[in-house]
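**Student:** entry_8.txt is reproduced in full below (compact mmCIF, C-alpha atoms and all ligand atoms).
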```txt
# COMPACT_ATOMS: atom_id res chain seq x y z
CA MET A 1 49.54 218.60 187.21
CA ALA A 2 52.89 219.49 188.68
CA GLU A 3 52.80 221.98 191.56
CA PRO A 4 53.60 225.47 190.22
CA GLN A 5 57.15 226.51 191.03
CA ALA A 6 58.23 230.03 191.86
CA SER A 7 59.80 230.18 188.45
CA ASN A 8 60.29 227.46 185.88
CA TRP A 9 60.18 226.44 182.24
CA HIS A 10 57.13 224.20 181.89
CA PRO A 11 57.62 221.09 179.74
CA HIS A 12 54.54 221.91 177.63
CA LEU A 13 54.44 225.71 177.42
CA TRP A 14 56.04 227.96 174.82
CA HIS A 15 56.46 231.59 175.88
CA PRO A 16 56.68 234.65 173.62
CA PHE A 17 59.81 236.80 173.37
CA ASN A 18 61.66 234.59 175.85
CA GLN A 19 63.31 231.18 175.82
CA PRO A 20 65.37 228.81 177.94
CA GLY A 21 69.04 229.52 177.50
CA ARG A 22 68.56 233.23 177.03
CA GLY A 23 66.01 234.91 179.30
CA PRO A 24 64.92 234.33 182.88
CA ALA A 25 62.40 231.54 183.53
CA PRO A 26 58.80 232.79 183.79
CA LEU A 27 57.56 233.61 187.26
CA ALA A 28 54.54 231.64 188.43
CA VAL A 29 51.83 234.10 189.33
CA ARG A 30 48.65 233.20 191.21
CA ARG A 31 46.84 236.47 191.65
CA GLY A 32 46.70 240.01 190.39
CA GLN A 33 45.15 242.90 192.24
CA GLY A 34 45.50 246.59 191.42
CA ILE A 35 49.15 247.24 190.63
CA TRP A 36 50.21 244.01 192.37
CA LEU A 37 51.10 240.57 191.07
CA GLU A 38 51.27 237.88 193.72
CA LEU A 39 53.57 234.96 192.94
CA GLU A 40 53.06 231.31 193.88
CA ASP A 41 55.89 231.64 196.41
CA GLY A 42 54.09 234.53 198.13
CA ARG A 43 56.26 237.37 196.78
CA ARG A 44 54.45 240.50 195.62
CA LEU A 45 55.58 242.55 192.64
CA ILE A 46 54.46 245.91 191.31
CA ASP A 47 53.45 245.45 187.68
CA GLY A 48 55.47 248.41 186.40
CA ILE A 49 54.57 247.90 182.74
CA SER A 50 50.87 247.02 183.08
CA SER A 51 51.53 243.51 181.75
CA TRP A 52 52.64 244.57 178.26
CA TRP A 53 50.67 247.80 178.46
CA VAL A 54 47.22 246.23 178.67
CA THR A 55 46.21 246.36 182.34
CA LEU A 56 44.60 249.75 182.34
CA HIS A 57 42.78 250.36 185.61
CA GLY A 58 44.53 247.62 187.59
CA HIS A 59 44.48 243.85 187.89
CA GLY A 60 41.15 242.34 188.96
CA GLU A 61 39.32 245.67 188.68
CA PRO A 62 35.99 244.61 190.23
CA ARG A 63 33.64 246.54 187.92
CA VAL A 64 35.19 245.12 184.78
CA ALA A 65 35.26 241.63 186.32
CA ALA A 66 31.60 241.89 187.31
CA ALA A 67 30.58 243.11 183.84
CA ILE A 68 32.27 240.10 182.23
CA ALA A 69 30.66 237.68 184.69
CA ALA A 70 27.20 239.14 184.14
CA GLN A 71 27.62 239.07 180.37
CA ALA A 72 28.84 235.46 180.44
CA LEU A 73 25.57 234.38 182.04
CA ASN A 74 23.60 236.17 179.36
CA LEU A 75 25.35 235.77 175.99
CA GLU A 76 28.95 234.64 175.82
CA GLN A 77 29.46 234.54 172.05
CA VAL A 78 27.56 234.73 168.78
CA ILE A 79 28.56 234.82 165.09
CA PHE A 80 28.81 238.51 164.23
CA ALA A 81 28.36 238.13 160.47
CA ASN A 82 24.68 237.38 161.02
CA PHE A 83 23.91 238.74 164.46
CA SER A 84 24.38 241.93 166.39
CA HIS A 85 24.07 242.55 170.10
CA ARG A 86 23.66 245.36 172.55
CA PRO A 87 27.15 245.35 174.12
CA ALA A 88 28.73 245.75 170.66
CA ALA A 89 26.27 248.46 169.57
CA VAL A 90 26.72 250.42 172.78
CA LEU A 91 30.50 250.17 172.56
CA ALA A 92 30.52 251.32 168.92
CA GLU A 93 28.29 254.29 169.74
CA ARG A 94 30.47 255.29 172.68
CA LEU A 95 33.79 254.94 170.87
CA CYS A 96 32.59 256.82 167.79
CA ALA A 97 31.28 259.62 170.02
CA LEU A 98 34.85 260.04 171.29
CA TRP A 99 36.09 260.75 167.74
CA PRO A 100 33.93 263.63 166.46
CA ALA A 101 34.64 265.60 163.30
CA GLY A 102 36.84 268.68 163.66
CA ALA A 103 35.65 272.27 163.45
CA LYS A 104 37.45 272.73 160.13
CA GLY A 105 35.81 269.79 158.41
CA GLU A 106 38.32 267.17 159.57
CA PRO A 107 36.76 263.70 159.46
CA GLY A 108 35.26 262.09 162.55
CA LEU A 109 35.17 258.33 163.02
CA ASN A 110 31.81 256.68 162.74
CA ARG A 111 32.25 252.91 162.25
CA LEU A 112 33.81 250.24 164.42
CA PHE A 113 35.14 246.97 163.02
CA PHE A 114 36.08 244.37 165.62
CA SER A 115 39.00 241.96 165.67
CA ASP A 116 41.06 240.15 168.30
CA ASN A 117 44.20 242.11 169.19
CA GLY A 118 46.43 245.01 168.24
CA SER A 119 48.03 243.31 165.25
CA THR A 120 44.67 242.45 163.72
CA ALA A 121 43.32 245.94 164.41
CA VAL A 122 46.23 247.23 162.33
CA GLU A 123 45.78 244.56 159.64
CA VAL A 124 42.12 245.53 159.34
CA ALA A 125 42.98 249.23 158.99
CA LEU A 126 45.47 248.42 156.27
CA LYS A 127 43.10 246.10 154.42
CA ILE A 128 40.30 248.68 154.53
CA ALA A 129 42.67 251.33 153.17
CA TRP A 130 43.97 249.03 150.45
CA GLN A 131 40.58 247.77 149.33
CA HIS A 132 39.31 251.36 149.30
CA TRP A 133 41.95 252.37 146.78
CA GLN A 134 41.59 249.15 144.80
CA ARG A 135 38.10 250.38 144.00
CA LEU A 136 38.91 254.05 143.42
CA ASP A 137 42.49 254.47 142.28
CA ARG A 138 44.70 251.46 141.72
CA GLN A 139 47.72 253.69 141.17
CA ARG A 140 47.88 254.30 144.90
CA ARG A 141 49.98 251.35 145.91
CA GLN A 142 52.53 252.88 148.26
CA ILE A 143 52.24 252.47 152.03
CA ILE A 144 54.36 254.74 154.21
CA ALA A 145 55.36 253.93 157.78
CA PHE A 146 58.02 255.36 160.08
CA ASP A 147 61.47 254.24 161.15
CA GLY A 148 61.28 252.45 164.47
CA ALA A 149 57.58 251.63 164.10
CA TYR A 150 56.04 248.55 165.69
CA HIS A 151 52.54 247.52 164.67
CA GLY A 152 52.41 243.86 165.68
CA ASP A 153 53.67 240.40 164.80
CA THR A 154 51.29 239.15 162.10
CA PHE A 155 52.64 239.43 158.56
CA GLY A 156 50.93 242.65 157.49
CA ALA A 157 51.62 244.35 160.80
CA MET A 158 55.19 243.09 160.69
CA ALA A 159 55.67 244.47 157.19
CA LEU A 160 54.58 247.90 158.44
CA GLY A 161 56.95 247.78 161.38
CA ALA A 162 60.62 248.66 161.26
CA ARG A 163 62.67 245.79 159.88
CA GLY A 164 65.18 244.21 162.22
CA LEU A 165 65.67 241.46 164.74
CA PHE A 166 62.00 240.50 165.06
CA SER A 167 61.21 240.42 161.37
CA ALA A 168 64.55 239.27 159.89
CA PRO A 169 63.65 235.56 159.38
CA PHE A 170 60.52 236.57 157.44
CA GLU A 171 62.02 239.34 155.30
CA PRO A 172 61.35 237.68 151.92
CA LEU A 173 57.67 237.34 152.79
CA LEU A 174 57.09 240.96 153.78
CA PHE A 175 55.66 243.48 151.31
CA ALA A 176 57.56 246.70 150.62
CA VAL A 177 56.80 249.74 152.74
CA ALA A 178 58.30 253.21 152.27
CA ARG A 179 59.87 254.62 155.39
CA ALA A 180 60.13 258.14 156.80
CA PRO A 181 62.35 259.14 159.74
CA TRP A 182 60.75 259.44 163.19
CA PRO A 183 62.27 262.53 164.83
CA SER A 184 62.01 261.44 168.45
CA THR A 185 62.72 263.92 171.20
CA TRP A 186 63.44 264.10 174.92
CA TRP A 187 63.98 266.66 177.65
CA ALA A 188 66.56 269.31 176.79
CA ASP A 189 66.81 268.07 173.20
CA GLU A 190 68.48 270.87 171.24
CA SER A 191 68.40 269.63 167.68
CA ILE A 192 64.79 268.60 167.28
CA GLU A 193 63.82 271.31 164.77
CA GLN A 194 66.46 270.17 162.29
CA ARG A 195 65.51 266.51 162.67
CA GLU A 196 61.82 267.28 162.23
CA ALA A 197 62.53 269.33 159.11
CA ALA A 198 64.66 266.53 157.67
CA ALA A 199 61.94 263.95 158.39
CA LEU A 200 59.28 266.10 156.74
CA ALA A 201 61.47 266.57 153.69
CA VAL A 202 61.76 262.78 153.31
CA LEU A 203 58.03 262.35 153.79
CA GLU A 204 57.28 265.00 151.15
CA GLN A 205 59.57 263.22 148.74
CA LEU A 206 57.92 259.86 149.39
CA LEU A 207 54.46 261.35 148.96
CA GLN A 208 55.34 262.24 145.36
CA THR A 209 54.58 258.59 144.66
CA PRO A 210 50.83 257.84 144.71
CA THR A 211 50.23 256.70 148.27
CA ALA A 212 47.41 254.63 149.72
CA ALA A 213 48.06 255.27 153.39
CA VAL A 214 50.48 256.56 155.98
CA ILE A 215 50.51 254.80 159.34
CA LEU A 216 51.95 256.13 162.59
CA GLU A 217 51.89 255.63 166.34
CA PRO A 218 50.58 259.00 167.57
CA LEU A 219 53.05 260.83 169.85
CA LEU A 220 54.78 257.75 171.24
CA GLN A 221 56.27 254.79 169.43
CA GLY A 222 56.16 251.86 171.85
CA ALA A 223 58.22 248.76 171.13
CA GLY A 224 60.51 250.82 168.88
CA GLY A 225 61.93 252.38 172.05
CA MET A 226 59.31 254.61 173.72
CA ALA A 227 60.20 257.28 171.19
CA LEU A 228 58.29 260.53 171.62
CA VAL A 229 57.57 263.09 168.89
CA ARG A 230 56.09 266.57 169.21
CA PRO A 231 52.45 267.30 168.32
CA ALA A 232 53.54 269.98 165.85
CA PHE A 233 55.51 267.40 163.88
CA LEU A 234 52.49 265.12 163.63
CA GLN A 235 50.32 268.02 162.51
CA ALA A 236 52.82 268.77 159.77
CA VAL A 237 52.74 265.09 158.77
CA GLN A 238 48.95 265.17 158.70
CA ALA A 239 48.90 268.29 156.49
CA ARG A 240 51.22 266.62 153.97
CA VAL A 241 49.28 263.36 153.99
CA ARG A 242 46.05 265.25 153.37
CA ALA A 243 47.60 267.35 150.60
CA ALA A 244 48.72 264.13 148.90
CA GLY A 245 45.22 262.65 149.20
CA ALA A 246 46.44 259.60 151.11
CA LEU A 247 44.68 258.02 154.08
CA LEU A 248 46.05 258.53 157.59
CA ILE A 249 46.06 255.52 159.93
CA ALA A 250 46.74 256.05 163.63
CA ASP A 251 47.84 253.05 165.66
CA GLU A 252 46.56 253.86 169.16
CA VAL A 253 46.99 250.28 170.34
CA MET A 254 49.42 251.39 173.04
CA THR A 255 48.59 255.08 173.46
CA GLY A 256 44.80 254.77 173.61
CA PHE A 257 42.46 254.92 176.60
CA GLY A 258 44.23 257.46 178.73
CA ARG A 259 47.79 256.18 178.45
CA SER A 260 48.96 259.44 176.88
CA GLY A 261 47.36 261.63 179.55
CA GLN A 262 44.27 262.26 177.43
CA LEU A 263 41.80 259.65 176.25
CA PHE A 264 43.61 259.32 172.93
CA ALA A 265 46.98 260.60 171.78
CA CYS A 266 45.46 261.80 168.49
CA GLN A 267 43.37 264.32 170.40
CA GLN A 268 46.46 265.56 172.16
CA ALA A 269 48.32 265.84 168.87
CA GLY A 270 45.46 267.41 166.90
CA LEU A 271 45.19 264.45 164.53
CA TYR A 272 42.07 263.43 162.64
CA PRO A 273 42.93 260.07 161.12
CA ASP A 274 40.77 258.13 158.68
CA LEU A 275 41.40 254.88 160.51
CA VAL A 276 42.39 254.15 164.09
CA ALA A 277 43.58 250.82 165.52
CA LEU A 278 42.68 250.08 169.15
CA SER A 279 43.36 247.18 171.49
CA LYS A 280 45.27 246.60 174.79
CA GLY A 281 43.38 249.01 177.11
CA LEU A 282 40.16 248.62 175.10
CA THR A 283 38.82 245.97 177.49
CA GLY A 284 40.64 247.48 180.45
CA GLY A 285 43.23 244.80 179.73
CA PHE A 286 40.91 241.93 180.70
CA LEU A 287 40.21 240.25 177.38
CA PRO A 288 41.87 240.15 173.97
CA MET A 289 39.99 242.39 171.58
CA GLY A 290 40.89 244.75 168.76
CA GLY A 291 38.86 247.50 167.18
CA THR A 292 39.40 249.54 164.03
CA LEU A 293 37.54 252.82 163.77
CA ALA A 294 36.85 254.24 160.30
CA THR A 295 35.22 257.29 158.78
CA GLU A 296 31.72 257.00 157.39
CA ALA A 297 33.10 257.93 153.97
CA LEU A 298 35.36 254.86 153.97
CA TYR A 299 32.55 252.62 155.21
CA GLN A 300 30.18 253.77 152.46
CA GLY A 301 32.61 252.44 149.85
CA PHE A 302 31.97 248.96 151.25
CA VAL A 303 28.18 249.20 151.00
CA GLY A 304 26.09 248.04 148.04
CA PRO A 305 24.92 244.96 146.15
CA GLU A 306 28.26 244.22 144.45
CA ALA A 307 30.01 241.26 146.10
CA GLU A 308 33.42 242.83 145.55
CA ARG A 309 32.51 245.70 147.88
CA THR A 310 32.26 243.28 150.79
CA PHE A 311 34.98 243.42 153.39
CA PHE A 312 35.88 239.73 153.43
CA HIS A 313 37.59 239.78 156.77
CA GLY A 314 36.37 238.37 160.07
CA HIS A 315 37.50 236.42 163.08
CA SER A 316 35.62 233.69 164.91
CA PHE A 317 35.41 235.87 168.00
CA THR A 318 34.57 239.14 166.23
CA ALA A 319 32.77 241.45 168.70
CA ASN A 320 32.85 238.84 171.44
CA PRO A 321 30.15 239.97 173.91
CA LEU A 322 32.39 239.41 176.94
CA GLY A 323 35.04 241.68 175.44
CA CYS A 324 32.42 244.30 174.60
CA ALA A 325 31.01 244.17 178.13
CA ALA A 326 34.52 244.57 179.55
CA ALA A 327 35.19 247.49 177.19
CA ASN A 328 31.97 249.24 178.19
CA ALA A 329 32.78 248.84 181.87
CA SER A 330 36.29 250.13 181.21
CA LEU A 331 34.89 253.20 179.41
CA ASP A 332 32.59 253.82 182.40
CA LEU A 333 35.65 253.94 184.65
CA LEU A 334 37.55 256.27 182.30
CA GLU A 335 34.54 258.58 182.22
CA GLU A 336 34.00 258.51 185.98
CA PHE A 337 37.64 258.91 187.01
CA PRO A 338 39.44 260.97 184.34
CA GLU A 339 41.84 262.22 187.00
CA ARG A 340 43.38 258.75 187.14
CA TYR A 341 44.90 259.16 183.69
CA GLN A 342 45.26 262.94 183.82
CA ARG A 343 47.34 263.14 186.98
CA LEU A 344 50.05 260.57 186.26
CA GLU A 345 52.28 262.79 184.14
CA GLY A 346 52.38 265.33 186.96
CA TRP A 347 53.32 262.62 189.43
CA HIS A 348 56.03 261.21 187.17
CA ARG A 349 57.66 264.54 186.40
CA PRO A 350 59.52 265.42 189.63
CA LEU A 351 60.46 261.76 190.13
CA LEU A 352 61.88 261.46 186.61
CA GLU A 353 63.68 264.81 187.02
CA ARG A 354 65.40 263.44 190.09
CA LEU A 355 66.23 260.11 188.47
CA ALA A 356 67.62 261.91 185.42
CA GLN A 357 70.37 263.29 187.62
CA GLN A 358 71.91 259.83 187.75
CA PRO A 359 74.80 259.58 185.28
CA LEU A 360 73.46 256.38 183.71
CA VAL A 361 70.15 258.02 182.75
CA LEU A 362 69.98 259.68 179.33
CA LYS A 363 67.24 261.25 177.21
CA PRO A 364 64.40 261.26 179.76
CA ARG A 365 60.91 261.69 178.29
CA LEU A 366 57.40 261.55 179.54
CA LEU A 367 53.89 261.21 178.15
CA GLY A 368 50.92 260.67 180.42
CA SER A 369 51.44 257.45 182.34
CA VAL A 370 54.60 256.54 180.44
CA ALA A 371 58.07 257.65 181.56
CA ALA A 372 61.15 256.47 179.67
CA PHE A 373 64.89 256.98 179.42
CA GLU A 374 67.96 255.35 177.91
CA LEU A 375 70.80 253.76 179.76
CA GLN A 376 74.21 255.13 179.02
CA GLY A 377 76.31 252.77 176.91
CA PRO A 378 75.65 250.78 173.78
CA SER A 379 72.04 251.06 172.65
CA GLY A 380 69.67 248.47 171.23
CA TYR A 381 67.15 245.78 172.09
CA LEU A 382 69.79 243.10 172.64
CA GLN A 383 71.77 245.00 175.25
CA ALA A 384 72.09 242.80 178.34
CA ILE A 385 71.95 245.81 180.62
CA GLY A 386 68.16 245.81 180.38
CA LEU A 387 67.92 242.24 181.67
CA GLU A 388 70.34 243.09 184.43
CA LEU A 389 68.28 246.07 185.51
CA GLN A 390 65.18 243.89 185.40
CA ARG A 391 66.86 241.43 187.79
CA HIS A 392 67.81 244.15 190.26
CA CYS A 393 64.30 245.63 190.21
CA LEU A 394 62.66 242.23 190.65
CA ALA A 395 64.73 241.60 193.74
CA ARG A 396 63.15 244.75 195.17
CA GLY A 397 59.57 243.96 194.19
CA LEU A 398 59.21 245.85 190.90
CA PHE A 399 58.59 244.15 187.57
CA LEU A 400 59.98 246.04 184.57
CA ARG A 401 60.80 244.83 181.08
CA PRO A 402 63.29 247.23 179.50
CA LEU A 403 63.51 247.31 175.72
CA GLY A 404 67.22 246.56 175.83
CA SER A 405 68.84 249.85 176.75
CA VAL A 406 65.49 251.71 176.92
CA VAL A 407 63.88 251.64 180.34
CA TYR A 408 60.30 252.70 180.91
CA LEU A 409 57.60 252.72 183.54
CA MET A 410 53.95 252.36 182.53
CA PRO A 411 51.97 251.35 185.61
CA PRO A 412 48.23 250.67 185.81
CA LEU A 413 46.23 253.87 186.25
CA CYS A 414 45.18 252.93 189.80
CA ILE A 415 48.71 253.45 191.11
CA SER A 416 48.98 255.93 194.00
CA ALA A 417 51.53 258.74 194.18
CA ALA A 418 53.34 256.90 196.99
CA GLU A 419 53.47 253.65 195.00
CA LEU A 420 54.83 255.48 191.97
CA GLY A 421 57.44 257.02 194.24
CA ARG A 422 58.34 253.51 195.37
CA CYS A 423 58.91 252.45 191.74
CA TYR A 424 61.39 255.29 191.26
CA GLN A 425 63.11 254.48 194.53
CA VAL A 426 63.63 250.90 193.37
CA LEU A 427 64.88 252.12 189.99
CA GLU A 428 67.31 254.48 191.66
CA GLN A 429 68.71 251.72 193.86
CA ALA A 430 68.88 249.27 190.96
CA LEU A 431 70.71 251.80 188.76
CA ALA A 432 73.20 252.40 191.54
CA GLU A 433 74.01 248.69 191.49
CA LEU A 434 74.54 248.36 187.73
C1 LIG B 501 51.51 250.36 168.74
C2 LIG B 501 51.22 248.91 168.70
N1 LIG B 501 50.52 248.40 167.68
C3 LIG B 501 50.22 247.10 167.59
C4 LIG B 501 50.62 246.22 168.57
C5 LIG B 501 50.29 244.77 168.46
O1 LIG B 501 49.33 244.41 169.41
P1 LIG B 501 49.12 242.89 169.83
O2 LIG B 501 50.34 242.49 170.57
O3 LIG B 501 47.90 242.92 170.68
O4 LIG B 501 48.92 242.12 168.58
C6 LIG B 501 51.35 246.69 169.66
C7 LIG B 501 51.80 245.77 170.70
O5 LIG B 501 52.61 246.07 171.53
C8 LIG B 501 51.65 248.07 169.73
O6 LIG B 501 52.35 248.59 170.74
```
Show the structure stored in the file as structure tokens.
Ligand SMILES: Cc1ncc(COP(=O)(O)O)c(C=O)c1O
**Tutor:**
Amino acid sequence: MAEPQASNWHPHLWHPFNQPGRGPAPLAVRRGQGIWLELEDGRRLIDGISSWWVTLHGHGEPRVAAAIAAQALNLEQVIFANFSHRPAAVLAERLCALWPAGAKGEPGLNRLFFSDNGSTAVEVALKIAWQHWQRLDRQRRQIIAFDGAYHGDTFGAMALGARGLFSAPFEPLLFAVARAPWPSTWWADESIEQREAAALAVLEQLLQTPTAAVILEPLLQGAGGMALVRPAFLQAVQARVRAAGALLIADEVMTGFGRSGQLFACQQAGLYPDLVALSKGLTGGFLPMGGTLATEALYQGFVGPEAERTFFHGHSFTANPLGCAAANASLDLLEEFPERYQRLEGWHRPLLERLAQQPLVLKPRLLGSVAAFELQGPSGYLQAIGLELQRHCLARGLFLRPLGSVVYLMPPLCISAAELGRCYQVLEQALAEL
């Protein structure tokens, strides 16, 4: 094997969302610890985006690592169609307990279906919703999603997401989805009420058509540009979805497990969805795993002797015991140290306020561990300014991956106040150089 270089394009590897001729060559990394990534050439970088939003507690978190190692010596994998195991049962019990029914009869979540990643967690939610209505009311064929949404890269998830650069080559293969506006907001936004009212009017109109499900990213759209909405808007959406008798699907793949400042963004927003997609932080970011939570009422529709009630969906690694062990260890940490996800918004705030005084910084916004803003100038994912900012930050030891003109920080929860301050210092210097 060739000696790893500090950064290179390997002759046999194919990287996602990056290619020779366009983006920077991948950096060769040899170790991760806490917020730090150590490169083969000895440089150390702060992982400012938690490695695509998955590294929850920090790289190499010893309790999660130990749980995986112990589980590997006991039971590494088993076919989940015919077997069950303790790590999966414990995880399902713990996750469902975090989604109780509301005081006004709102549904709680009581069943966990496993898959492999965020896209499949969304696919599963959609397939459950669709099969549910196939049995009960075949008129309900409309799916509603929001402008700017991102739900993953598999075909179903892609169809739900906003259409554009990522999905353009596959357009003829994607099923139709109705689309409502996403009235995103930011600090000192003065026209949010009008935009929310306009979005709700569109949603109401769409809901006149019999609808199977409405899917949304609670509070914060991720890949669509770290676009924040207000809890009151989501509650108004929920009321309309309920009145129309449609199912509500919450995609908490990014926002879940403390990212939003509470354990789940739905709790913060007062949402009681019928289905929730989880991944990324589920295993503390150690192993690929997806989970879809569903109400007991939905599950009961899939129970009985008739073959057509079966949910014919499964992955080879469904409920992989290593992933379940990691997820249980990660939940232990979230339970033991809630302050780690609760305090980050308060740490971000004064730093973002200061940064927002820079003329290049527009539309600052903040939710839990995630701070975001836009760079003045042309907007969009293809804007080179994001790559340029990334280069300047890397030179100072901070890894960021702006979404074009949208810059955000989403560090692992173990970051200290001083280290977060360092991230902002680097950003400030890098912005000054643009
Ligand atoms: C909200 C949301 N849903 C789904 C996905 C897809 O997850 P995965 O990349 O694990 O398939 C992502 C990934 O970024 C996401 O942010």
**Student:** Considering only C-alpha atoms and all ligand atoms, give me a table of residues in chain A that are at most 6 Å from ligand LIG 501 (chain B), with the closest atom pair and distance in Å for each, as JSON lines.
**Tutor:**
```
{"residue": "A:Asn117", "atom": "CA", "partner": "B:LIG501", "partner_atom": "O3", "distance": 4.1}
{"residue": "A:Gly118", "atom": "CA", "partner": "B:LIG501", "partner_atom": "O1", "distance": 3.2}
{"residue": "A:Ser119", "atom": "CA", "partner": "B:LIG501", "partner_atom": "O4", "distance": 3.6}
{"residue": "A:Tyr150", "atom": "CA", "partner": "B:LIG501", "partner_atom": "C2", "distance": 5.7}
{"residue": "A:His151", "atom": "CA", "partner": "B:LIG501", "partner_atom": "N1", "distance": 3.7}
{"residue": "A:Gly152", "atom": "CA", "partner": "B:LIG501", "partner_atom": "C5", "distance": 3.6}
{"residue": "A:Glu217", "atom": "CA", "partner": "B:LIG501", "partner_atom": "C1", "distance": 5.8}
{"residue": "A:Gly222", "atom": "CA", "partner": "B:LIG501", "partner_atom": "O6", "distance": 5.1}
{"residue": "A:Ala223", "atom": "CA", "partner": "B:LIG501", "partner_atom": "O6", "distance": 5.9}
{"residue": "A:Asp251", "atom": "CA", "partner": "B:LIG501", "partner_atom": "C1", "distance": 5.5}
{"residue": "A:Val253", "atom": "CA", "partner": "B:LIG501", "partner_atom": "C2", "distance": 4.7}
{"residue": "A:Met254", "atom": "CA", "partner": "B:LIG501", "partner_atom": "O6", "distance": 4.7}
```
**Student:** How many Å separate atom CA of A:Ser115 from atom CA of A:Cys96?
**Tutor:**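 Distance reported for this atom pair: 16.3 Å.
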**Student:** Have a look at A:His59, A:His315, A:Lys127, A:His348 and name the one nearest to A:Ile79; count all atoms listed in the file.
**Tutor:**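 Of A:His59, A:His315, A:Lys127, A:His348, the one nearest A:Ile79 is A:His315, counting all atoms listed in the file.
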**Student:** Could you name the residues that touch A:Gly380 at 10 Å or less, counting only C-alpha atoms, but leaving out those on the same chain fewer than 4 positions away, as an NGL selection string?
**Tutor:** :A and (224-225 or 374 or 384 or 386 or 403-406)
**Student:** Using all atoms listed in the file, which residue out of A:Leu413, A:Cys423, A:Leu387, A:Ala201 lies closest to A:Arg401?
**Tutor:** A:Leu387
